[in-house]
2 protein chains.
Amino acid sequence: MPHTLKLDSPSIFIGKQGNGVISFGSGQPDLPPPKEAIEGIDIRKDLRYGLIQGERSLREALSKEYPNSTAENFVITNGASEALDLIFRAWGKGKVLLPRPYYYSYPPIIKLAGMEPVYTDLVGGRIDLDDFKKKIKKCRAVLINSPSNPTGRIELIETLKEIERITSKLGVYVVSDEVYKDLIYERENYHIQGDHVITVNSFSKTYAMCGVRVGYLWSSDQSIADKVIELKTHTSMNTNLVGQDMALRAMAAPREYILNQQQIWRGRRDLIYKGISELGFEVWKPEGAFYILPKCKNAREFLTTLYCDYKVIAYLGEWFGAPDHIRLSYALDAKEIEEGLGRITEAMKKVRCL
Amino acid sequence: MPHTLKLDSPSIFIGKQGNGVISFGSGQPDLPPPKEAIEGIDIRKDLRYGLIQGERSLREALSKEYPNSTAENFVITNGASEALDLIFRAWGKGKVLLPRPYYYSYPPIIKLAGMEPVYTDLVGGRIDLDDFKKKIKKCRAVLINSPSNPTGRIELIETLKEIERITSKLGVYVVSDEVYKDLIYERENYHIQGDHVITVNSFSKTYAMCGVRVGYLWSSDQSIADKVIELKTHTSMNTNLVGQDMALRAMAAPREYILNQQQIWRGRRDLIYKGISELGFEVWKPEGAFYILPKCKNAREFLTTLYCDYKVIAYLGEWFGAPDHIRLSYALDAKEIEEGLGRITEAMKKVRCL
C-alpha cells in the first residue's frame with residue numbers, strides 16, 4: 001500500500017476494516033447487545049410522533065437509577081451526542097472548560113453552539129485541581145468525561161466532590177458525560193450531585209447498541225430540560241420510538257450481562273496495557289472505557305506505517321488534543337489484540353516512536 | 001373548563017387528546033403505516049454504528065426515485081427536521097428567503113444556525129414572483145415548502161421552474177422541503193432541478209411513520225453532503241439503524257398503498273373545504289398535505305372557546321406567520337371531521353370570527 005494517508009480525522013478509516021486489518025480505531029463495543037433488547041420485539045403499529053421529551057415508560061425506568069429523580073428530570077436523545085449538542089445550543093454563548101485530552105467531538109460541538117472551549121491539561125491522566133480552579137471562574141460550564149475517551153482514566157471520587165463544591169459555589173454548570181459509567185474497573189461510578197449538574201448518558205456502550213442511537217440527559221433543573229425540549233421540537237422531534245422500546249427492554253437484562261462484559265474488558269485492558277508497557281511506551285493505565293493513549297514520537301509516520309505496511313488501524317492523539325500520542329481502542333478479542341501488538345512490534349523497527 | 005389557555009406554541013395541546021376531544025391540531029397521518037414496514041421485521045443483532053451518511057441499501061433504493069442520482073447524493077437524517085437543521089448549520093450565516101405563512105419550525109432553526117430569515121408573503125396562497133425576485137438577490141438560499149404546511153397549497157410548476165432559473169443565475173441555493181410530495185391532489189410532484197438545489201424529504205408522511213424519524217436530504221453538490229456528514233458526526237452520528245431498515249421495507253409497499261391514502265385524504269379535503277367555506281370562512285383550497293388555514297377574527301378567543309367549551313383543538317395561525325388565521329389539520333376520519341365542524345358552528349355563535 002502507498003504511504004499517502006491524509007490523517008485529518010478518524011473518518012479516513014471508515015469502511016477500511018476486514019481483509020486482514022486489525023482495527024484499534026473505532027470506539028464501540030464489539031460484544032453483542034443483550035438478547036432482551038432484540039429478541040421477540042414487537043414493532044408497534046402506531047408510529048405517530050412520540051413525546052419530544054421521550055417515552056414516559058423509559059424515563060420512569062431511568063428515574064429508578066438516579067436517586068431522588070422523576071421521569072420529568074430526563075430527556076431522551078439521539079445518543080449522548082445529541083444531548084451534548086442541545087445542551088450547549090441551549091446556552092449559545094460563554095466559555096466551557098474542557099479537560100484535555102478530550103473526546104474529539106467536544107470542541108466542534110461547543111464551537112458550533114457559539115461557545116468557546118477553554119482547556120485544562122490533565123496531569124497523570126487526571127484533572128489538575130489547581131489549574132481547574134484558576135480557569136473555571138470565567139466559565140459558564142465544565143464538561144467532565146470520566147471514564148475518559150481517549151485516556152481510559154477515571155477521576156478520583158474526591159476530585160469529583162471537590163468539583164461539585166467549587167462549581168456549586170461559583171454557579172457554574174457541570175456537564176458530566178458518563179457514557180462509560182458501566183465500564184469502570186476500579187470502583188463504582190460516582191454521580192456528581194447538585195442542581196447545577198447535567199448528566200449525559202447513553203445505552204450505546206453499556207448495552208452495545210451504538211447504532212440504535214438512544215441516549216439521554218438528566219438534570220434536576222427543570223429549565224434545562226424545558227429549553228432542550230423546545231430546541232429538539234424544531235431540530236429533530238422525538239427520538240426514534242423503536243429504539244426507545246429496545247432501550248427499555250435492554251434495561252431488563254440481568255446485572256450479570258454488565259458484569260460479564262466488565263470482566264471481558266478488564267482482561268483485554270490487562271493484556272494491552274501489559275503489551276504496550278513492555279514495548280517501552282509511556283502510558284497511563286486505563287481504569288475504565290476501552291481506550292489506551294500511549295506517548296508516541298513521529299505519530300503520523302508511525303500510524304501511516306502501521307496501516308500501510310501492517311494493516312493496523314490506530315488513531316492520532318492529535319485528534320483528541322494529545323499530540324505525540326496514539327489512541328488504541330481495545331474493542332477486539334484477545335487474539336486480535338495479541339496479533340495487533342505483534343504487528344506494532346514490527347512497525348517499531350521501521351519508525352522511531354519511543 | 002376555565003378560559004385560561006396560554007397560547008404560546010402548539011406544545012400547549014400535547015397530551016390533550018382522548019376524552020371526547022376532536023383534534024385538528026397535530027400534523028401527522030392517522031392512517032396506518034404499510035404492513036411491509038412492520039411485519040416480520042428481524043431486528044439485526046449487530047447494532048454497531050452505521051455509516052453517518054446512512055445505510056447504503058436505503059440510499060441506493062432512494063437513488064432510483066431521483067433521476068441521475070447515486071447513493072452518494074443522499075444523507076439519511078433523523079427526520080426532515082434534522083436535515084434542515086444541518087443544512088442551515090453548514091452555512092451558519094447569511095439570509096434565507098422564507099415564504100410566509102411558513103412551517104413554525106423554520107424561523108427558529110434558521111436563527112439557531114446563525115442565519116436570518118427574510119419573508120415573502122404568499123398571494124392567493126402562492127409565491128409572488130415579483131416580491132421573490134426583489135428579495136432573493138441578497139439571500140444565500142430560499143426555503144420552499146410545496147405542498148405547504150400550513151396552507152395546503154402547492155406552487156405552480158411554472159413558478160418552480162422560474163425559481164430554478166432565477167436562483168441558478170444568481171447562485172442562490174434552493175432548499176426544497178417536499179415531505180408532502182406524495183400528498184398532492186392536483187398533479188404529480190415536481191422536483192426542482194439543478195446543482196444549487198437541496199431536496200429535503202421524509203418517510204414520515206408518505207408512510208405514516210412520523211415517530212420512526214427517518215428523513216433525508218438529496219443534493220448533487222458533493223460539498224453539501226460532505227459538510228452535513230461532518231456536522232452529523234459530531235451532533236448525532238448515524239440515523240437509527242432499525243428505523244432505516246423499516247424505511248427501506250416501507251419502500252417495498254405497493255404503489256396502491258400511496259394511491260389509497262391519497263384518495264382518503266382527497267375525500268377529507270373535500271369535506272372540510274366544503275364545510276369551512278359554507279360556514280363563511282375565507283380560505284384557500286388545499287391542493288396537498290392535510291392542512292387548511294381559514295381567516296379568523298379574534299383567533300385567540302375563538303381557539304380558547306373551541307377548546308374550553310367544545311373540546312376542539314385547532315392551532316393559531318400566528319404560530320405559522322399568519323395572524324388572524326387558524327390552522328386545521330384534517331388527519332381525522334370523516335365522522336370526526338363532521339363532528340368537529342358541528343362544534344365549530346356552535347362556537348361561532350359565541351365568538352365573532354368572520
# chains A, B, ... in the order shown; residues from 1 in each chain; ligands from 1
$ closest_atom_pairs --of "chain A" --to "chain B" --cutoff "9 Å" --atoms "only C-alpha atoms" --output "JSON lines"
{"residue": "A:Ile14", "atom": "CA", "partner": "B:Leu51", "partner_atom": "CA", "distance": 8.2}
{"residue": "A:Gly15", "atom": "CA", "partner": "B:Leu51", "partner_atom": "CA", "distance": 8.6}
{"residue": "A:Gln28", "atom": "CA", "partner": "B:Arg48", "partner_atom": "CA", "distance": 7.0}
{"residue": "A:Pro29", "atom": "CA", "partner": "B:Arg48", "partner_atom": "CA", "distance": 7.5}
{"residue": "A:Asp30", "atom": "CA", "partner": "B:Arg48", "partner_atom": "CA", "distance": 7.6}
{"residue": "A:Pro32", "atom": "CA", "partner": "B:Asp46", "partner_atom": "CA", "distance": 7.0}
{"residue": "A:Pro33", "atom": "CA", "partner": "B:Lys45", "partner_atom": "CA", "distance": 7.3}
{"residue": "A:Lys35", "atom": "CA", "partner": "B:Lys45", "partner_atom": "CA", "distance": 8.6}
{"residue": "A:Ile38", "atom": "CA", "partner": "B:Ile43", "partner_atom": "CA", "distance": 6.2}
{"residue": "A:Glu39", "atom": "CA", "partner": "B:Ile43", "partner_atom": "CA", "distance": 7.8}
{"residue": "A:Ile41", "atom": "CA", "partner": "B:Ile43", "partner_atom": "CA", "distance": 8.0}
{"residue": "A:Asp42", "atom": "CA", "partner": "B:Ile38", "partner_atom": "CA", "distance": 8.8}
{"residue": "A:Ile43", "atom": "CA", "partner": "B:Ile38", "partner_atom": "CA", "distance": 6.2}
{"residue": "A:Arg44", "atom": "CA", "partner": "B:Ile38", "partner_atom": "CA", "distance": 7.9}
{"residue": "A:Lys45", "atom": "CA", "partner": "B:Ile38", "partner_atom": "CA", "distance": 7.2}
{"residue": "A:Asp46", "atom": "CA", "partner": "B:Pro32", "partner_atom": "CA", "distance": 7.1}
{"residue": "A:Leu47", "atom": "CA", "partner": "B:Met209", "partner_atom": "CA", "distance": 4.9}
{"residue": "A:Arg48", "atom": "CA", "partner": "B:Gly211", "partner_atom": "CA", "distance": 4.8}
{"residue": "A:Tyr49", "atom": "CA", "partner": "B:Gly211", "partner_atom": "CA", "distance": 4.1}
{"residue": "A:Gly50", "atom": "CA", "partner": "B:Gly211", "partner_atom": "CA", "distance": 5.8}
{"residue": "A:Leu51", "atom": "CA", "partner": "B:Ile14", "partner_atom": "CA", "distance": 8.1}
{"residue": "A:Thr77", "atom": "CA", "partner": "B:Ser236", "partner_atom": "CA", "distance": 8.9}
{"residue": "A:Asn78", "atom": "CA", "partner": "B:Ser236", "partner_atom": "CA", "distance": 6.0}
{"residue": "A:Gly79", "atom": "CA", "partner": "B:Ser236", "partner_atom": "CA", "distance": 6.5}
{"residue": "A:Ala80", "atom": "CA", "partner": "B:Ser236", "partner_atom": "CA", "distance": 7.8}
{"residue": "A:Ser81", "atom": "CA", "partner": "B:Ser236", "partner_atom": "CA", "distance": 5.1}
{"residue": "A:Glu82", "atom": "CA", "partner": "B:Ser236", "partner_atom": "CA", "distance": 5.0}
{"residue": "A:Ala83", "atom": "CA", "partner": "B:Thr235", "partner_atom": "CA", "distance": 8.6}
{"residue": "A:Leu84", "atom": "CA", "partner": "B:Thr235", "partner_atom": "CA", "distance": 7.9}
{"residue": "A:Asp85", "atom": "CA", "partner": "B:Thr235", "partner_atom": "CA", "distance": 5.7}
{"residue": "A:Leu86", "atom": "CA", "partner": "B:Thr235", "partner_atom": "CA", "distance": 8.7}
{"residue": "A:Arg89", "atom": "CA", "partner": "B:Leu112", "partner_atom": "CA", "distance": 8.1}
{"residue": "A:Gly92", "atom": "CA", "partner": "B:Leu112", "partner_atom": "CA", "distance": 8.9}
{"residue": "A:Tyr104", "atom": "CA", "partner": "B:His234", "partner_atom": "CA", "distance": 8.4}
{"residue": "A:Ser105", "atom": "CA", "partner": "B:His234", "partner_atom": "CA", "distance": 5.1}
{"residue": "A:Tyr106", "atom": "CA", "partner": "B:His234", "partner_atom": "CA", "distance": 7.9}
{"residue": "A:Pro108", "atom": "CA", "partner": "B:His234", "partner_atom": "CA", "distance": 7.2}
{"residue": "A:Ile109", "atom": "CA", "partner": "B:His234", "partner_atom": "CA", "distance": 6.5}
{"residue": "A:Leu112", "atom": "CA", "partner": "B:Arg89", "partner_atom": "CA", "distance": 8.1}
{"residue": "A:Ala113", "atom": "CA", "partner": "B:Ala113", "partner_atom": "CA", "distance": 8.5}
{"residue": "A:Ser204", "atom": "CA", "partner": "B:Arg48", "partner_atom": "CA", "distance": 8.5}
{"residue": "A:Ala208", "atom": "CA", "partner": "B:Leu47", "partner_atom": "CA", "distance": 7.0}
{"residue": "A:Met209", "atom": "CA", "partner": "B:Leu47", "partner_atom": "CA", "distance": 4.9}
{"residue": "A:Cys210", "atom": "CA", "partner": "B:Arg48", "partner_atom": "CA", "distance": 5.1}
{"residue": "A:Gly211", "atom": "CA", "partner": "B:Tyr49", "partner_atom": "CA", "distance": 4.1}
{"residue": "A:Val212", "atom": "CA", "partner": "B:Asn240", "partner_atom": "CA", "distance": 4.8}
{"residue": "A:Arg213", "atom": "CA", "partner": "B:Asn240", "partner_atom": "CA", "distance": 5.5}
{"residue": "A:Val214", "atom": "CA", "partner": "B:Asn240", "partner_atom": "CA", "distance": 8.4}
{"residue": "A:Leu231", "atom": "CA", "partner": "B:Pro108", "partner_atom": "CA", "distance": 8.5}
{"residue": "A:Thr233", "atom": "CA", "partner": "B:Ser105", "partner_atom": "CA", "distance": 7.9}
{"residue": "A:His234", "atom": "CA", "partner": "B:Ser105", "partner_atom": "CA", "distance": 5.1}
{"residue": "A:Thr235", "atom": "CA", "partner": "B:Ser81", "partner_atom": "CA", "distance": 5.3}
{"residue": "A:Ser236", "atom": "CA", "partner": "B:Glu82", "partner_atom": "CA", "distance": 5.0}
{"residue": "A:Met237", "atom": "CA", "partner": "B:Ser81", "partner_atom": "CA", "distance": 7.4}
{"residue": "A:Asn238", "atom": "CA", "partner": "B:Gly211", "partner_atom": "CA", "distance": 6.8}
{"residue": "A:Thr239", "atom": "CA", "partner": "B:Arg213", "partner_atom": "CA", "distance": 7.2}
{"residue": "A:Asn240", "atom": "CA", "partner": "B:Val212", "partner_atom": "CA", "distance": 4.7}
{"residue": "A:Leu241", "atom": "CA", "partner": "B:Val212", "partner_atom": "CA", "distance": 5.7}
{"residue": "A:Val242", "atom": "CA", "partner": "B:Val212", "partner_atom": "CA", "distance": 6.9}
{"residue": "A:Gly243", "atom": "CA", "partner": "B:Asn240", "partner_atom": "CA", "distance": 7.3}
$ residues_around --residues "stretch 311-316 of chain B" --least-positions-apart "2" --cutoff "8 Å" --atoms "only C-alpha atoms" --output "MDAnalysis selection string"
chainID B and resid 7 10 13 20:25 299:300 303 306:309 318:320 323 325:329 340 343:344
$ select_by_dssp --residues "stretch 70-292 of chain B" --states "alpha helix (DSSP H)" --output "mmCIF file with C-alpha atoms, in the first residue's frame"
data_model
loop_
_atom_site.group_PDB
_atom_site.id
_atom_site.type_symbol
_atom_site.label_atom_id
_atom_site.label_comp_id
_atom_site.auth_asym_id
_atom_site.auth_seq_id
_atom_site.Cartn_x
_atom_site.Cartn_y
_atom_site.Cartn_z
ATOM 1 C CA GLY B 79 -36.482 13.149 10.007
ATOM 2 C CA ALA B 80 -36.639 16.126 7.675
ATOM 3 C CA SER B 81 -36.167 18.346 10.742
ATOM 4 C CA GLU B 82 -32.572 17.264 11.259
ATOM 5 C CA ALA B 83 -31.823 17.555 7.543
ATOM 6 C CA LEU B 84 -32.972 21.202 7.581
ATOM 7 C CA ASP B 85 -31.157 21.919 10.824
ATOM 8 C CA LEU B 86 -27.857 20.552 9.486
ATOM 9 C CA ILE B 87 -28.135 22.312 6.116
ATOM 10 C CA PHE B 88 -28.525 25.725 7.741
ATOM 11 C CA ARG B 89 -25.820 24.987 10.315
ATOM 12 C CA ALA B 90 -23.487 24.030 7.476
ATOM 13 C CA TRP B 91 -23.871 27.582 6.135
ATOM 14 C CA TYR B 106 -38.458 27.227 10.021
ATOM 15 C CA PRO B 107 -37.663 30.601 11.613
ATOM 16 C CA PRO B 108 -36.193 29.104 14.819
ATOM 17 C CA ILE B 109 -33.891 26.645 13.027
ATOM 18 C CA ILE B 110 -32.725 29.340 10.599
ATOM 19 C CA LYS B 111 -31.980 31.695 13.507
ATOM 20 C CA LEU B 112 -30.409 28.956 15.655
ATOM 21 C CA LEU B 129 -42.625 36.125 -8.089
ATOM 22 C CA ASP B 130 -42.264 39.913 -8.199
ATOM 23 C CA ASP B 131 -41.605 40.137 -4.483
ATOM 24 C CA PHE B 132 -39.495 36.966 -4.684
ATOM 25 C CA LYS B 133 -37.244 38.493 -7.351
ATOM 26 C CA LYS B 134 -36.734 41.630 -5.307
ATOM 27 C CA LYS B 135 -35.782 39.825 -2.101
ATOM 28 C CA ILE B 136 -33.869 36.794 -3.367
ATOM 29 C CA ILE B 157 -44.838 24.041 -11.947
ATOM 30 C CA GLU B 158 -44.095 27.188 -13.979
ATOM 31 C CA THR B 159 -43.337 29.035 -10.742
ATOM 32 C CA LEU B 160 -40.976 26.293 -9.598
ATOM 33 C CA LYS B 161 -39.192 26.373 -12.963
ATOM 34 C CA GLU B 162 -38.911 30.159 -12.794
ATOM 35 C CA ILE B 163 -37.437 29.858 -9.282
ATOM 36 C CA GLU B 164 -34.941 27.323 -10.660
ATOM 37 C CA ARG B 165 -33.816 29.767 -13.319
ATOM 38 C CA ILE B 166 -33.621 32.859 -11.094
ATOM 39 C CA THR B 167 -31.693 31.145 -8.308
ATOM 40 C CA SER B 168 -29.367 29.308 -10.681
ATOM 41 C CA LYS B 169 -28.471 32.593 -12.354
ATOM 42 C CA LEU B 170 -27.851 34.326 -9.030
ATOM 43 C CA GLN B 222 -21.000 16.834 -3.063
ATOM 44 C CA SER B 223 -19.704 19.622 -0.822
ATOM 45 C CA ILE B 224 -23.168 19.947 0.797
ATOM 46 C CA ALA B 225 -23.398 16.247 1.645
ATOM 47 C CA ASP B 226 -19.792 16.249 2.911
ATOM 48 C CA LYS B 227 -20.352 19.214 5.204
ATOM 49 C CA VAL B 228 -23.601 17.782 6.589
ATOM 50 C CA ILE B 229 -21.924 14.428 7.238
ATOM 51 C CA GLU B 230 -19.078 16.181 9.048
ATOM 52 C CA LEU B 231 -21.533 18.032 11.299
ATOM 53 C CA LYS B 232 -23.665 14.945 11.919
ATOM 54 C CA THR B 233 -20.543 13.026 13.005
ATOM 55 C CA HIS B 234 -20.393 15.363 15.985
ATOM 56 C CA THR B 235 -24.067 16.108 16.624
ATOM 57 C CA LEU B 241 -30.441 1.622 12.134
ATOM 58 C CA VAL B 242 -33.741 -0.103 12.863
ATOM 59 C CA GLY B 243 -35.627 2.934 11.581
ATOM 60 C CA GLN B 244 -33.588 2.826 8.376
ATOM 61 C CA ASP B 245 -34.410 -0.877 7.973
ATOM 62 C CA MET B 246 -38.109 -0.038 8.375
ATOM 63 C CA ALA B 247 -37.869 2.820 5.884
ATOM 64 C CA LEU B 248 -36.285 0.541 3.281
ATOM 65 C CA ARG B 249 -39.006 -2.036 3.815
ATOM 66 C CA ALA B 250 -41.719 0.627 3.580
ATOM 67 C CA ARG B 255 -47.969 1.984 -5.202
ATOM 68 C CA GLU B 256 -51.608 1.270 -4.225
ATOM 69 C CA TYR B 257 -50.744 1.997 -0.598
ATOM 70 C CA ILE B 258 -49.908 5.592 -1.521
ATOM 71 C CA LEU B 259 -52.786 5.918 -4.003
ATOM 72 C CA ASN B 260 -55.294 4.634 -1.449
ATOM 73 C CA GLN B 261 -54.056 7.134 1.084
ATOM 74 C CA GLN B 262 -54.315 9.950 -1.448
ATOM 75 C CA GLN B 263 -57.918 9.007 -2.114
ATOM 76 C CA ILE B 264 -58.780 9.125 1.575
ATOM 77 C CA TRP B 265 -57.025 12.465 2.017
ATOM 78 C CA ARG B 266 -58.768 13.912 -1.015
ATOM 79 C CA GLY B 267 -62.169 12.911 0.402
ATOM 80 C CA ARG B 268 -61.327 14.542 3.709
ATOM 81 C CA ARG B 269 -60.051 17.641 1.965
ATOM 82 C CA ASP B 270 -63.317 17.961 0.024
ATOM 83 C CA LEU B 271 -65.334 17.522 3.202
ATOM 84 C CA ILE B 272 -63.501 20.085 5.314
ATOM 85 C CA TYR B 273 -63.074 22.612 2.500
ATOM 86 C CA LYS B 274 -66.802 22.493 1.760
ATOM 87 C CA GLY B 275 -67.696 22.711 5.451
ATOM 88 C CA ILE B 276 -65.334 25.584 6.259
ATOM 89 C CA SER B 277 -66.346 27.514 3.132
ATOM 90 C CA GLU B 278 -70.063 27.068 3.834
#
$ closest_residue --among "A:Tyr119, A:Asp195, A:Glu301, A:Tyr216" --to "A:Leu58" --atoms "only C-alpha atoms"
A:Tyr216
$ atom_distance --atom1 "atom CA of B:Pro99" --atom2 "atom CA of B:Asp177"
12.1 Å
$ select_by_dssp --residues "stretch 161-329 of chain A" --states "strand (DSSP E or B)" --output "ChimeraX atom specification"
/A:173-177,184,197-202,215-219,288,291-292,295,312-313,315-316,325-329
$ atom_distance --atom1 "atom CA of A:Tyr66" --atom2 "atom CA of A:Gly171"
22.4 Å
$ closest_residue --among "A:Met251, A:Val174, A:Ile184, A:Val200" --to "A:Glu287" --atoms "only C-alpha atoms"
A:Ile184
$ decode --residues "stretch 182-198 of chain A" --atoms "N, CA and C atoms" --output "short mmCIF file (atom, residue, chain, number, x, y, z; two decimals), in the first residue's frame"
data_model
loop_
_atom_site.label_atom_id
_atom_site.label_comp_id
_atom_site.auth_asym_id
_atom_site.auth_seq_id
_atom_site.Cartn_x
_atom_site.Cartn_y
_atom_site.Cartn_z
N ASP A 182 -20.67 2.27 33.13
CA ASP A 182 -20.74 0.86 33.48
C ASP A 182 -19.48 0.11 33.09
N LEU A 183 -18.49 0.85 32.68
CA LEU A 183 -17.22 0.25 32.26
C LEU A 183 -16.08 0.82 33.08
N ILE A 184 -16.23 0.71 34.42
CA ILE A 184 -15.15 1.15 35.31
C ILE A 184 -14.61 -0.11 35.99
N TYR A 185 -13.27 -0.26 35.97
CA TYR A 185 -12.67 -1.48 36.53
C TYR A 185 -12.29 -1.33 37.99
N GLU A 186 -12.26 -0.08 38.49
CA GLU A 186 -11.62 0.18 39.79
C GLU A 186 -12.61 0.43 40.93
N ARG A 187 -13.78 0.96 40.58
CA ARG A 187 -14.74 1.32 41.61
C ARG A 187 -16.10 1.45 40.96
N GLU A 188 -17.14 1.70 41.77
CA GLU A 188 -18.46 2.02 41.23
C GLU A 188 -18.42 3.40 40.60
N ASN A 189 -19.38 3.69 39.71
CA ASN A 189 -19.48 5.05 39.17
C ASN A 189 -19.93 5.99 40.29
N TYR A 190 -19.49 7.24 40.23
CA TYR A 190 -19.97 8.25 41.18
C TYR A 190 -20.70 9.35 40.41
N HIS A 191 -22.00 9.47 40.64
CA HIS A 191 -22.79 10.55 40.01
C HIS A 191 -22.45 11.87 40.69
N ILE A 192 -22.01 12.83 39.93
CA ILE A 192 -21.83 14.17 40.51
C ILE A 192 -23.22 14.69 40.89
N GLN A 193 -23.31 15.32 42.06
CA GLN A 193 -24.61 15.72 42.59
C GLN A 193 -24.83 17.22 42.48
N GLY A 194 -26.06 17.62 42.47
CA GLY A 194 -26.37 19.05 42.58
C GLY A 194 -27.29 19.56 41.51
N ASP A 195 -27.93 20.68 41.83
CA ASP A 195 -28.87 21.30 40.90
C ASP A 195 -28.17 21.88 39.67
N HIS A 196 -26.85 22.04 39.78
CA HIS A 196 -26.10 22.64 38.68
C HIS A 196 -25.45 21.57 37.81
N VAL A 197 -25.88 20.32 37.99
CA VAL A 197 -25.27 19.21 37.26
C VAL A 197 -26.22 18.70 36.18
N ILE A 198 -25.68 18.47 34.99
CA ILE A 198 -26.42 17.83 33.91
C ILE A 198 -25.64 16.57 33.54
#
